[in-house]
Amino acid sequence: MTDYCWFEGIPFPVLGFQKEILKEVRHKFVIGDEDTIILAYPKSGTNWLIETVCLIQKKGNPEWVQSVPFWERSPWVETEIGYQALINKERPRLISSHLPFHLFPRSFFSSKAKMIYVLRNPRDVLVSGYFFWNKTNLAKNTESLRTYFEWFLKGKVPYGSWFEHTRGWLSMRESENFLLLCYEDFKKDPRRSIEKICDFLGKKLDPEELDMVLKYSSFHVMKENKMSNFSLLNEDVVNEGFVFMRKGTTGDWKNHFTEEQVEAFDKVFQENMAGFPPGLFPWE
Ligand code: PPS
């Protein structure tokens, strides 16, 4: 694929996106108070969270996550298919999105809908994105991590700049209806993160139910679940060698960045994120 679907200066994937729909999503889509939204910059753990929330809703019973693809359980509001599905879906709805703050449905900002936002070390997001987008026909491909690294720092990757995206959404971190989760914390202590999500959503699970949520949302179980591991994606979207459930670890960037890239990344991070308390970013 050669380019993107550009909307308001943000590059979106070329398949499944339309400017008219992106516009409509922002201005016309109505989010209800009872809806739950899962939001993340791409490659931050969105699908892990979708699986977890679905399992929490079913008290750990895996039947739903094993029989319905994740994009039907929690459609992406900004995609053509997801938008249509959500308009016709009964409420309360689970809604996924990677949209930046300023392009998200405006109705959300005057609603009581709950949003869970996942943040991940952008260095790992970069590496994950490099391996993902290059094996799809959704975005501009590059064979070299060096080039992808440059595109990422300039925001010339799907959904634009990580820095702008993150700054936008972090502005909501004190809001009552906003839960900030970190991929790294989720990895370190998944039980604690699941408990946090349950508290936020007002769901009470007994210890056995929580064990089931832990089990069925684990990397290895999700990797085998064809409703969650992207193996149902059409061949016109993905290329040979595509693996969605790639590593599921923290710090993989250390295996890929050169010393020069480590320094260049730190510099851009400092320039862009200096105003935030360092404790917000719990990664090494
Ligand atoms: S997407 O395509 O933008 O919606 O991708 P997203 O789901 O946000 O992120 C994909 C990365 O999340 C990892 N992943 C997990 N890690 C740990 N545990 C579980 N259960 C899990 N499920 C998905 C997935 O492997 C991608 O990260 P990388 O680093 O590429 O492995």
# chains A, B, ... in the order shown; residues from 1 in each chain; ligands from 1
call {"tool": "residues_near_ligand", "arguments": {"ligand": "ligand 1", "cutoff": "7 Å", "atoms": "only C-alpha atoms and all ligand atoms", "output": "PyMOL selection string"}}
result
chain A and resi 40-48+124-125+127-129+131-132+187+217-219+222+244-249
call {"tool": "residues_around", "arguments": {"residues": "segment 232-237 of chain A", "least_positions_apart": "5", "cutoff": "12 Å", "atoms": "only C-alpha atoms", "output": "MDAnalysis selection string"}}
result
chainID A and resid 1 13:16 68:71 132:139 225:227 242:244
call {"tool": "write_last_selection", "arguments": {"atoms": "N, CA and C atoms", "output": "short mmCIF file (atom, residue, chain, number, x, y, z; two decimals), in the first residue's frame"}}
result
data_model
loop_
_atom_site.label_atom_id
_atom_site.label_comp_id
_atom_site.auth_asym_id
_atom_site.auth_seq_id
_atom_site.Cartn_x
_atom_site.Cartn_y
_atom_site.Cartn_z
N MET A 1 0.82 -1.20 0.00
CA MET A 1 0.00 0.00 0.00
C MET A 1 0.86 1.25 0.00
N PRO A 13 -5.33 4.08 8.40
CA PRO A 13 -5.15 2.97 7.45
C PRO A 13 -6.03 3.17 6.22
N VAL A 14 -5.57 2.61 5.10
CA VAL A 14 -6.33 2.82 3.86
C VAL A 14 -7.53 1.90 3.71
N LEU A 15 -7.49 0.75 4.36
CA LEU A 15 -8.62 -0.18 4.23
C LEU A 15 -9.57 0.00 5.41
N GLY A 16 -10.85 0.14 5.10
CA GLY A 16 -11.85 0.18 6.17
C GLY A 16 -12.10 1.56 6.76
N VAL A 68 -17.33 -15.34 19.64
CA VAL A 68 -17.60 -14.12 18.88
C VAL A 68 -16.30 -13.34 18.70
N PRO A 69 -15.95 -12.96 17.44
CA PRO A 69 -14.69 -12.21 17.26
C PRO A 69 -14.70 -10.89 18.04
N PHE A 70 -13.52 -10.48 18.45
CA PHE A 70 -13.41 -9.29 19.30
C PHE A 70 -14.01 -8.05 18.62
N TRP A 71 -13.93 -7.97 17.27
CA TRP A 71 -14.43 -6.76 16.60
C TRP A 71 -15.95 -6.70 16.60
N PHE A 132 3.82 -5.25 13.04
CA PHE A 132 2.40 -5.41 12.70
C PHE A 132 2.06 -4.78 11.34
N TRP A 133 2.28 -3.48 11.20
CA TRP A 133 1.81 -2.77 10.00
C TRP A 133 2.50 -3.31 8.75
N ASN A 134 3.76 -3.71 8.91
CA ASN A 134 4.50 -4.20 7.74
C ASN A 134 3.99 -5.52 7.19
N LYS A 135 3.22 -6.21 7.99
CA LYS A 135 2.66 -7.49 7.52
C LYS A 135 1.19 -7.32 7.15
N THR A 136 0.76 -6.06 6.99
CA THR A 136 -0.63 -5.83 6.59
C THR A 136 -0.66 -4.97 5.33
N ASN A 137 -1.85 -4.89 4.75
CA ASN A 137 -2.04 -3.97 3.62
C ASN A 137 -2.78 -2.72 4.09
N LEU A 138 -2.67 -2.44 5.38
CA LEU A 138 -3.43 -1.33 5.94
C LEU A 138 -2.69 -0.01 5.88
N ALA A 139 -1.37 -0.09 5.81
CA ALA A 139 -0.58 1.12 5.92
C ALA A 139 0.68 1.01 5.08
N ASN A 225 -6.79 -18.48 20.94
CA ASN A 225 -8.21 -18.21 20.72
C ASN A 225 -8.40 -17.50 19.37
N LYS A 226 -8.96 -18.20 18.40
CA LYS A 226 -9.05 -17.61 17.06
C LYS A 226 -10.03 -16.43 17.00
N MET A 227 -10.84 -16.27 18.02
CA MET A 227 -11.74 -15.11 18.08
C MET A 227 -11.00 -13.86 18.57
N PHE A 242 2.22 -12.89 9.10
CA PHE A 242 1.57 -12.00 10.06
C PHE A 242 1.27 -12.74 11.36
N VAL A 243 1.71 -12.16 12.47
CA VAL A 243 1.38 -12.73 13.79
C VAL A 243 0.95 -11.58 14.68
N PHE A 244 -0.29 -11.60 15.15
CA PHE A 244 -0.76 -10.52 16.01
C PHE A 244 -0.21 -10.70 17.43
#
call {"tool": "select_by_dssp", "arguments": {"residues": "segment 16-215 of chain A", "states": "helix (DSSP H, G or I)", "output": "VMD selection string"}}
result
chain A and resid 19 to 27 46 to 57 63 to 67 70 to 73 80 to 87 101 to 103 106 to 110 122 to 133 145 to 154 162 to 170 183 to 188 190 to 201 207 to 215
call {"tool": "closest_residue", "arguments": {"among": "A:Val262, A:Val238, A:Ile116, A:Ile10", "to": "Glu176 of chain A", "atoms": "only C-alpha atoms"}}
result
A:Ile116
call {"tool": "residues_around", "arguments": {"residues": "His27 of chain A", "least_positions_apart": "2", "cutoff": "7 Å", "atoms": "only C-alpha atoms", "output": "VMD selection string"}}
result
chain A and resid 23 to 25 29 105 to 106
call {"tool": "write_last_selection", "arguments": {"atoms": "C-alpha atoms", "output": "PDB file, in the first residue's frame"}}
result
ATOM      1  CA  LYS A  23     -16.313  13.157  10.304  1.00  0.00           C
ATOM      2  CA  GLU A  24     -19.650  11.647  11.211  1.00  0.00           C
ATOM      3  CA  VAL A  25     -18.148   9.704  14.098  1.00  0.00           C
ATOM      4  CA  PHE A  29     -22.129   9.487  16.917  1.00  0.00           C
ATOM      5  CA  PRO A 105     -17.044  11.535  19.281  1.00  0.00           C
ATOM      6  CA  ARG A 106     -17.828  14.863  20.892  1.00  0.00           C
TER       7      ARG A 106
END
call {"tool": "residues_around", "arguments": {"residues": "Cys5 of chain A", "least_positions_apart": "3", "cutoff": "8 Å", "atoms": "only C-alpha atoms", "output": "PyMOL selection string"}}
result
chain A and resi 11-14+17-19
call {"tool": "residues_around", "arguments": {"residues": "Phe200 of chain A", "least_positions_apart": "6", "cutoff": "10 Å", "atoms": "only C-alpha atoms", "output": "VMD selection string"}}
result
chain A and resid 114 to 116 176 to 179 194
call {"tool": "select_by_dssp", "arguments": {"residues": "segment 72-180 of chain A", "states": "strand (DSSP E or B)", "output": "PyMOL selection string"}}
result
chain A and resi 76+94-97+114-119+136+178-180
call {"tool": "write_last_selection", "arguments": {"atoms": "N, CA and C atoms", "output": "tab-separated table (two decimals), in the first residue's frame"}}
result
chain	number	residue	atom	x	y	z
A	76	TRP	N	-14.72	-1.14	16.64
A	76	TRP	CA	-13.94	0.11	16.56
A	76	TRP	C	-14.83	1.18	15.95
A	94	LEU	N	-20.04	-1.99	24.28
A	94	LEU	CA	-18.59	-1.91	24.48
A	94	LEU	C	-18.05	-1.31	23.19
A	95	ILE	N	-17.27	-0.26	23.30
A	95	ILE	CA	-16.78	0.45	22.12
A	95	ILE	C	-15.26	0.55	22.19
A	96	SER	N	-14.59	0.15	21.10
A	96	SER	CA	-13.13	0.30	21.07
A	96	SER	C	-12.76	1.46	20.17
A	97	SER	N	-11.58	2.01	20.42
A	97	SER	CA	-11.11	3.07	19.52
A	97	SER	C	-9.62	3.33	19.75
A	114	LYS	N	-17.99	5.41	30.67
A	114	LYS	CA	-16.68	5.14	31.27
A	114	LYS	C	-15.67	4.78	30.19
A	115	MET	N	-14.48	5.34	30.34
A	115	MET	CA	-13.42	5.03	29.39
A	115	MET	C	-12.22	4.43	30.11
A	116	ILE	N	-11.71	3.32	29.55
A	116	ILE	CA	-10.46	2.75	30.07
A	116	ILE	C	-9.40	3.01	29.01
A	117	TYR	N	-8.34	3.64	29.43
A	117	TYR	CA	-7.29	4.05	28.49
A	117	TYR	C	-6.01	3.26	28.82
A	118	VAL	N	-5.44	2.63	27.82
A	118	VAL	CA	-4.21	1.86	28.06
A	118	VAL	C	-3.01	2.60	27.49
A	119	LEU	N	-2.02	2.73	28.33
A	119	LEU	CA	-0.77	3.40	27.97
A	119	LEU	C	0.33	2.35	27.98
A	136	THR	N	0.76	-6.06	6.99
A	136	THR	CA	-0.63	-5.83	6.59
A	136	THR	C	-0.66	-4.97	5.33
A	178	PHE	N	-12.75	8.15	33.79
A	178	PHE	CA	-11.56	7.80	33.00
A	178	PHE	C	-10.62	6.96	33.86
A	179	LEU	N	-10.31	5.76	33.39
A	179	LEU	CA	-9.35	4.92	34.11
A	179	LEU	C	-8.09	4.75	33.28
A	180	LEU	N	-6.97	5.14	33.86
A	180	LEU	CA	-5.70	5.02	33.16
A	180	LEU	C	-5.02	3.73	33.60
call {"tool": "atom_distance", "arguments": {"atom1": "atom CA of Lys89 of chain A", "atom2": "atom CA of Arg73 of chain A"}}
result
10.2 Å
